[in-house]
Structure formats: structure tokens, C-alpha cells
Amino acid sequence: MRKGQQPPWIVADELWARIEPLLPVVPRRPDHPGRRRLDDRKVLSGILFVLHTGIPWEFLPQEMGFGSGMTCWRRLRDWNDAGVWQRLHESLLAELNAAGALDWSRAVIDGSHVRALKGGPKTGPSPVDRARTGSKHHLITEAHGIPLAVSLTGGNRNDVTQLMPLIEAVPPVRGRRGRPRRRPDTIYADRGYDHDKYRKQVRAVGVTPVIARRGTGHGSGLGIHRWVVEQSFALLHWFRRLRIRWEIRDDIHEAFLSLACGIICWRRLQVVQRRHS
């Protein structure tokens, strides 16, 4: 972190202005006065602290004003159930689209293994990690590597099984005149997605598949387009909490994934705004 730069878990005013309207309102019950509810912004900083550092919930430093780890965990769960992180991601995609920062001419898809040390739903024996229990992050990005959708499966699931679900998971992105956009023109993928059955399914939704063939030599040229998804995985796994799956509950890990995608989009939007200022 540069000198004078705020820690990444401090919620900037501009980001908070986008998140606060999405949070569900919890009315204070007069018949149960109890302790005053901890400020949502402070709790969000605690959630981001865990996401960035990977620290266990029980070790969250309360002297920094975050509240207890259990408070932050509950708020993360409740906000995820309310769809806050997904709506944040969609609203930031709309802002990027309005700024002309999304390139819909192509999308790129890939998967990445992570260990799941405590097991749980959506885990399985990883074929690339000596059959140890793991999960897979599946990601689809637009041409510049901005994440459009992300999903979680067991480590033994074939990448191609998530091709259509990820395409369908891309939300309708507003920000420009006309109908919201949710389909790229083409989609690029490696040999793990080489199945004619799925090529037909992709074409059926109006997208042209560009998928490397098995048994052919390397040097197909797809790498000049596909590298952006590898870069996006590097950004996603820069958040230490996502490098290893510590959560038994899959919805909590998915909440971290969705929140991380929103943060990546937020940072990209800041870069775009600086260029235009």
C-alpha cells in the first residue's frame, strides 16, 4: 500500500453512496431496545477486511471498529440473501457500459481450482490437486476482462458444464439507449470446452463460439484474446479469502465472490473516470 493511500477495506464515500441504497432497512423494534445496531458502513469495512486479508472471522480486530466477526458474518449472509452484492455488480456494470468501457464484441470464459479445506456443498475431488477436496471458480468476462458473471462448483465438475449457465447468468446490462445488453457477439474458450453439443447451444442463444479443438497443435491464436480472463482470475484471487475456500457454506463463499466482482468493477470504473476527467 502506497504512503498516504487508504487501506482497501476502508469504504470510500463514492462506493458507499452506491451500496447504502441497496441495503435492506432493518427497523428498530421498540419492544426489544437492546444494544444499538452497529453501523452498516463499519460492518462492511470488517467484511472487506476479511475478504482482503483472509483472516478468520474470530480474529477480526474489534479495536478497529468493525464489530465482532459473527456480526460481520451475519451481515454478509443477510445482505447476500437480499441480493445486495449481485445488484451492486449489475449497477457498476451499467455505469461501465454507459461510459463505453464494456466491449461486447467478445467474451471469454474459464475455470480455476481452489482448495476447500473444510469441505461442504459444491466441493469435490480435484483432478489437478491429487484428488484433494476443492471447488472451482467459473468466470465469464467481456473483452477487457471485466467480470460479467461468476459461479462456484465442485472441483470435479467439467468446465464445459458451466458454459451455458454462465452465459445465462450474465445480467441485462443497462447504461445505454435501447434494450439492455446481456449477450456478447462471440465467446472464446480453451480446449476444455470443445464439445459440438455445446457449440450448438451457444449458437442457439445468438452467440458465436470460438473454441479451440482438441488434438490440434498449439498456436491457434486464441491466447491473444483469452489472456484477459487469466488476468481477471489473478485480480479475483488477489483477495486472500478467495485463494482457498475456508467456508463450509457455499452461499458465504459465493457472497465473497460476488462482492469481489463488484469491487473489481468499481476499481475499473474509477480508472475510466480518471481518464475522462
# chains A, B, ... in the order shown; residues from 1 in each chain; ligands from 1

$ select_by_dssp --residues "range 159-217 of chain A" --states "helix (DSSP H, G or I)" --output "ChimeraX atom specification"
/A:159-169,191-193,196-204

$ closest_atom_pairs --of "range 39-114 of chain A" --to "range 153-175 of chain A" --cutoff "9 Å" --atoms "only C-alpha atoms" --output "CSV"
residue,atom,partner,partner_atom,distance
A:Glu90,CA,A:Val173,CA,6.7
A:Ser91,CA,A:Val173,CA,8.1
A:Leu93,CA,A:Val173,CA,6.4
A:Ala94,CA,A:Gly175,CA,4.7
A:Glu95,CA,A:Gly175,CA,6.0
A:Leu96,CA,A:Gly175,CA,7.7
A:Asn97,CA,A:Gly175,CA,5.4
A:Ala98,CA,A:Gly175,CA,4.3
A:Ala99,CA,A:Gly175,CA,8.1
A:Ile109,CA,A:Leu163,CA,7.6
A:Asp110,CA,A:Asp159,CA,7.2
A:Gly111,CA,A:Asp159,CA,6.2
A:Ser112,CA,A:Gly155,CA,8.9
A:His113,CA,A:Gly155,CA,6.4
A:Val114,CA,A:Gly155,CA,7.7

$ atom_distance --atom1 "CA of Trp238 in chain A" --atom2 "CA of Arg183 in chain A"
27.7 Å

$ select_by_dssp --residues "range 56-274 of chain A" --states "strand (DSSP E or B)" --output "compact mmCIF listing (two decimals) with N, CA, C and O atoms, in the first residue's frame"
# COMPACT_ATOMS: atom_id res chain seq x y z
N ARG A 106 -16.79 -9.57 -27.83
CA ARG A 106 -16.43 -10.93 -27.45
C ARG A 106 -16.42 -11.05 -25.93
O ARG A 106 -16.29 -10.06 -25.21
N ALA A 107 -16.58 -12.27 -25.47
CA ALA A 107 -16.46 -12.61 -24.05
C ALA A 107 -15.53 -13.80 -23.95
O ALA A 107 -15.31 -14.53 -24.91
N VAL A 108 -14.95 -13.98 -22.77
CA VAL A 108 -14.01 -15.07 -22.53
C VAL A 108 -14.45 -15.81 -21.28
O VAL A 108 -14.90 -15.20 -20.30
N ILE A 109 -14.32 -17.14 -21.31
CA ILE A 109 -14.78 -17.96 -20.19
C ILE A 109 -13.68 -18.93 -19.79
O ILE A 109 -12.91 -19.41 -20.62
N ASP A 110 -13.60 -19.22 -18.48
CA ASP A 110 -12.61 -20.19 -17.99
C ASP A 110 -12.96 -20.56 -16.55
O ASP A 110 -13.84 -19.97 -15.94
N GLY A 111 -12.25 -21.56 -16.04
CA GLY A 111 -12.44 -22.01 -14.67
C GLY A 111 -11.11 -22.09 -13.95
O GLY A 111 -10.05 -22.22 -14.57
N SER A 112 -11.15 -22.02 -12.62
CA SER A 112 -9.93 -22.07 -11.82
C SER A 112 -10.19 -22.85 -10.54
O SER A 112 -11.22 -22.65 -9.88
N HIS A 113 -9.26 -23.75 -10.20
CA HIS A 113 -9.41 -24.58 -9.00
C HIS A 113 -8.94 -23.83 -7.75
O HIS A 113 -7.97 -23.08 -7.79
N VAL A 114 -9.64 -24.06 -6.64
CA VAL A 114 -9.19 -23.61 -5.32
C VAL A 114 -9.42 -24.76 -4.34
O VAL A 114 -10.35 -25.55 -4.50
N ARG A 115 -8.57 -24.86 -3.35
CA ARG A 115 -8.75 -25.88 -2.33
C ARG A 115 -9.92 -25.52 -1.42
O ARG A 115 -10.17 -24.35 -1.15
N ALA A 116 -10.62 -26.53 -0.96
CA ALA A 116 -11.72 -26.36 0.00
C ALA A 116 -11.36 -27.19 1.23
O ALA A 116 -11.70 -28.37 1.32
N GLY A 124 -15.53 -31.14 -4.33
CA GLY A 124 -15.32 -32.46 -4.90
C GLY A 124 -13.84 -32.73 -5.07
O GLY A 124 -13.01 -31.82 -4.94
N PRO A 125 -13.46 -33.98 -5.36
CA PRO A 125 -12.05 -34.31 -5.55
C PRO A 125 -11.48 -33.61 -6.78
O PRO A 125 -12.00 -33.76 -7.88
N THR A 133 -9.95 -32.33 -1.78
CA THR A 133 -11.23 -31.65 -1.87
C THR A 133 -11.03 -30.21 -2.32
O THR A 133 -10.20 -29.48 -1.77
N GLY A 134 -11.79 -29.83 -3.34
CA GLY A 134 -11.65 -28.48 -3.86
C GLY A 134 -12.94 -27.99 -4.51
O GLY A 134 -13.92 -28.73 -4.63
N SER A 135 -12.91 -26.75 -4.90
CA SER A 135 -14.01 -26.13 -5.63
C SER A 135 -13.45 -25.47 -6.88
O SER A 135 -12.23 -25.35 -7.04
N LYS A 136 -14.36 -25.05 -7.75
CA LYS A 136 -13.96 -24.34 -8.95
C LYS A 136 -14.67 -23.00 -9.03
O LYS A 136 -15.88 -22.91 -8.77
N HIS A 137 -13.91 -21.98 -9.37
CA HIS A 137 -14.49 -20.69 -9.71
C HIS A 137 -14.61 -20.64 -11.24
O HIS A 137 -13.64 -20.91 -11.95
N HIS A 138 -15.79 -20.34 -11.72
CA HIS A 138 -16.02 -20.22 -13.16
C HIS A 138 -16.35 -18.75 -13.45
O HIS A 138 -17.19 -18.15 -12.78
N LEU A 139 -15.69 -18.20 -14.47
CA LEU A 139 -15.79 -16.76 -14.72
C LEU A 139 -15.99 -16.48 -16.20
O LEU A 139 -15.39 -17.13 -17.05
N ILE A 140 -16.87 -15.52 -16.49
CA ILE A 140 -17.03 -15.01 -17.85
C ILE A 140 -16.78 -13.51 -17.81
O ILE A 140 -17.30 -12.81 -16.94
N THR A 141 -15.93 -13.03 -18.70
CA THR A 141 -15.59 -11.61 -18.75
C THR A 141 -15.87 -11.06 -20.15
O THR A 141 -15.97 -11.83 -21.11
N GLU A 142 -15.97 -9.73 -20.24
CA GLU A 142 -16.05 -9.14 -21.57
C GLU A 142 -14.63 -9.01 -22.12
O GLU A 142 -13.67 -9.48 -21.52
N PRO A 147 -15.37 -8.65 -15.17
CA PRO A 147 -16.22 -9.82 -14.89
C PRO A 147 -17.71 -9.52 -15.12
O PRO A 147 -18.24 -8.53 -14.62
N LEU A 148 -18.35 -10.40 -15.88
CA LEU A 148 -19.78 -10.28 -16.14
C LEU A 148 -20.59 -11.20 -15.24
O LEU A 148 -21.70 -10.86 -14.83
N ALA A 149 -20.05 -12.37 -14.93
CA ALA A 149 -20.74 -13.32 -14.05
C ALA A 149 -19.71 -14.31 -13.51
O ALA A 149 -18.68 -14.57 -14.14
N VAL A 150 -20.01 -14.87 -12.35
CA VAL A 150 -19.11 -15.84 -11.71
C VAL A 150 -19.97 -16.91 -11.06
O VAL A 150 -21.11 -16.65 -10.67
N SER A 151 -19.44 -18.13 -10.99
CA SER A 151 -20.18 -19.22 -10.33
C SER A 151 -19.22 -20.13 -9.59
O SER A 151 -18.00 -20.08 -9.79
N LEU A 152 -19.78 -20.98 -8.74
CA LEU A 152 -19.00 -21.90 -7.91
C LEU A 152 -19.52 -23.31 -8.11
O LEU A 152 -20.74 -23.54 -8.10
N THR A 153 -18.60 -24.28 -8.32
CA THR A 153 -18.98 -25.69 -8.42
C THR A 153 -17.96 -26.53 -7.68
O THR A 153 -16.95 -26.03 -7.19
N GLY A 154 -18.22 -27.83 -7.62
CA GLY A 154 -17.25 -28.76 -7.07
C GLY A 154 -16.01 -28.84 -7.94
O GLY A 154 -16.06 -28.61 -9.15
N VAL A 173 -27.55 -5.70 -18.92
CA VAL A 173 -26.75 -4.54 -18.53
C VAL A 173 -27.30 -3.29 -19.20
O VAL A 173 -27.33 -3.18 -20.43
N ARG A 181 -28.20 -4.90 -22.70
CA ARG A 181 -27.37 -5.89 -23.39
C ARG A 181 -27.00 -7.00 -22.41
O ARG A 181 -26.63 -6.75 -21.27
N THR A 186 -19.40 -12.91 -29.62
CA THR A 186 -18.68 -14.19 -29.67
C THR A 186 -18.20 -14.56 -28.27
O THR A 186 -18.12 -13.71 -27.39
N ILE A 187 -17.89 -15.84 -28.09
CA ILE A 187 -17.33 -16.28 -26.82
C ILE A 187 -16.11 -17.15 -27.09
O ILE A 187 -16.16 -18.05 -27.95
N TYR A 188 -15.02 -16.87 -26.39
CA TYR A 188 -13.75 -17.59 -26.58
C TYR A 188 -13.54 -18.53 -25.40
O TYR A 188 -13.79 -18.17 -24.24
N ALA A 189 -13.06 -19.74 -25.71
CA ALA A 189 -12.81 -20.74 -24.67
C ALA A 189 -11.70 -21.68 -25.11
O ALA A 189 -11.42 -21.81 -26.32
N THR A 208 -21.65 -16.52 -31.12
CA THR A 208 -20.76 -17.33 -31.95
C THR A 208 -19.66 -17.94 -31.09
O THR A 208 -18.89 -17.20 -30.46
N PRO A 209 -19.55 -19.28 -31.00
CA PRO A 209 -18.49 -19.89 -30.19
C PRO A 209 -17.16 -19.94 -30.95
O PRO A 209 -17.12 -20.34 -32.12
N VAL A 210 -16.09 -19.55 -30.28
CA VAL A 210 -14.73 -19.68 -30.82
C VAL A 210 -13.97 -20.51 -29.79
O VAL A 210 -13.44 -19.97 -28.81
N ILE A 211 -13.94 -21.82 -30.01
CA ILE A 211 -13.40 -22.76 -29.03
C ILE A 211 -12.30 -23.59 -29.67
O ILE A 211 -12.48 -24.13 -30.77
N ILE A 244 -8.23 -19.74 -1.13
CA ILE A 244 -8.61 -21.02 -0.55
C ILE A 244 -10.03 -20.88 -0.04
O ILE A 244 -10.38 -19.84 0.54
N ARG A 245 -10.85 -21.88 -0.27
CA ARG A 245 -12.21 -21.82 0.25
C ARG A 245 -12.22 -22.31 1.69
O ARG A 245 -12.05 -23.49 1.96

$ closest_residue --among "A:Trp73, A:Phe49, A:Phe66, A:Trp16" --to "Arg240 in chain A" --atoms "only C-alpha atoms"
A:Phe49

$ decode --residues "range 61-146 of chain A" --atoms "C-alpha atoms" --output "compact mmCIF listing (two decimals), in the first residue's frame"
# COMPACT_ATOMS: atom_id res chain seq x y z
CA PRO A 61 -9.72 -6.96 15.29
CA GLN A 62 -12.65 -5.30 17.09
CA GLU A 63 -10.45 -2.39 18.16
CA MET A 64 -10.66 -1.19 14.53
CA GLY A 65 -14.40 -0.60 14.98
CA PHE A 66 -15.61 -3.44 12.74
CA GLY A 67 -17.66 -5.18 15.39
CA SER A 68 -17.38 -8.90 16.09
CA GLY A 69 -16.63 -11.47 13.43
CA MET A 70 -20.05 -13.03 13.99
CA THR A 71 -21.77 -9.68 13.41
CA CYS A 72 -19.90 -9.22 10.12
CA TRP A 73 -20.61 -12.82 9.09
CA ARG A 74 -24.33 -12.43 9.74
CA ARG A 75 -24.49 -9.15 7.84
CA LEU A 76 -22.63 -10.71 4.88
CA ARG A 77 -25.13 -13.59 4.88
CA ASP A 78 -28.19 -11.37 5.20
CA TRP A 79 -27.06 -8.91 2.53
CA ASN A 80 -26.26 -11.77 0.20
CA ASP A 81 -29.72 -13.26 0.77
CA ALA A 82 -31.18 -9.83 -0.07
CA GLY A 83 -29.24 -9.76 -3.37
CA VAL A 84 -27.13 -6.73 -2.42
CA TRP A 85 -23.85 -7.92 -3.98
CA GLN A 86 -25.48 -9.00 -7.24
CA ARG A 87 -27.30 -5.68 -7.58
CA LEU A 88 -24.09 -3.78 -6.80
CA HIS A 89 -22.30 -5.72 -9.53
CA GLU A 90 -25.11 -5.04 -12.01
CA SER A 91 -25.26 -1.31 -11.22
CA LEU A 92 -21.49 -0.94 -11.68
CA LEU A 93 -21.66 -2.84 -14.97
CA ALA A 94 -24.34 -0.38 -16.08
CA GLU A 95 -22.08 2.56 -15.20
CA LEU A 96 -19.18 0.98 -17.09
CA ASN A 97 -21.46 0.36 -20.05
CA ALA A 98 -22.65 3.97 -20.01
CA ALA A 99 -19.01 5.10 -20.05
CA GLY A 100 -18.30 2.90 -23.09
CA ALA A 101 -15.93 0.70 -21.09
CA LEU A 102 -17.59 -2.65 -21.92
CA ASP A 103 -16.64 -4.37 -25.17
CA TRP A 104 -19.45 -6.74 -26.15
CA SER A 105 -17.74 -7.92 -29.34
CA ARG A 106 -16.43 -10.93 -27.45
CA ALA A 107 -16.46 -12.61 -24.05
CA VAL A 108 -14.01 -15.07 -22.53
CA ILE A 109 -14.78 -17.96 -20.19
CA ASP A 110 -12.61 -20.19 -17.99
CA GLY A 111 -12.44 -22.01 -14.67
CA SER A 112 -9.93 -22.07 -11.82
CA HIS A 113 -9.41 -24.58 -9.00
CA VAL A 114 -9.19 -23.61 -5.32
CA ARG A 115 -8.75 -25.88 -2.33
CA ALA A 116 -11.72 -26.36 0.00
CA LEU A 117 -10.07 -27.33 3.27
CA LYS A 118 -13.29 -27.79 5.24
CA GLY A 119 -15.43 -29.43 2.56
CA GLY A 120 -19.08 -28.57 2.21
CA PRO A 121 -21.56 -28.20 -0.67
CA LYS A 122 -20.13 -27.60 -4.14
CA THR A 123 -16.84 -29.32 -3.41
CA GLY A 124 -15.32 -32.46 -4.90
CA PRO A 125 -12.05 -34.31 -5.55
CA SER A 126 -9.87 -32.05 -7.67
CA PRO A 127 -8.29 -33.77 -10.71
CA VAL A 128 -5.43 -31.26 -10.71
CA ASP A 129 -4.66 -31.45 -6.97
CA ARG A 130 -4.21 -35.17 -6.22
CA ALA A 131 -7.96 -35.63 -5.67
CA ARG A 132 -7.94 -33.29 -2.67
CA THR A 133 -11.23 -31.65 -1.87
CA GLY A 134 -11.65 -28.48 -3.86
CA SER A 135 -14.01 -26.13 -5.63
CA LYS A 136 -13.96 -24.34 -8.95
CA HIS A 137 -14.49 -20.69 -9.71
CA HIS A 138 -16.02 -20.22 -13.16
CA LEU A 139 -15.79 -16.76 -14.72
CA ILE A 140 -17.03 -15.01 -17.85
CA THR A 141 -15.59 -11.61 -18.75
CA GLU A 142 -16.05 -9.14 -21.57
CA ALA A 143 -13.20 -8.37 -23.98
CA HIS A 144 -11.23 -6.23 -21.49
CA GLY A 145 -11.50 -8.73 -18.63
CA ILE A 146 -14.29 -7.03 -16.68
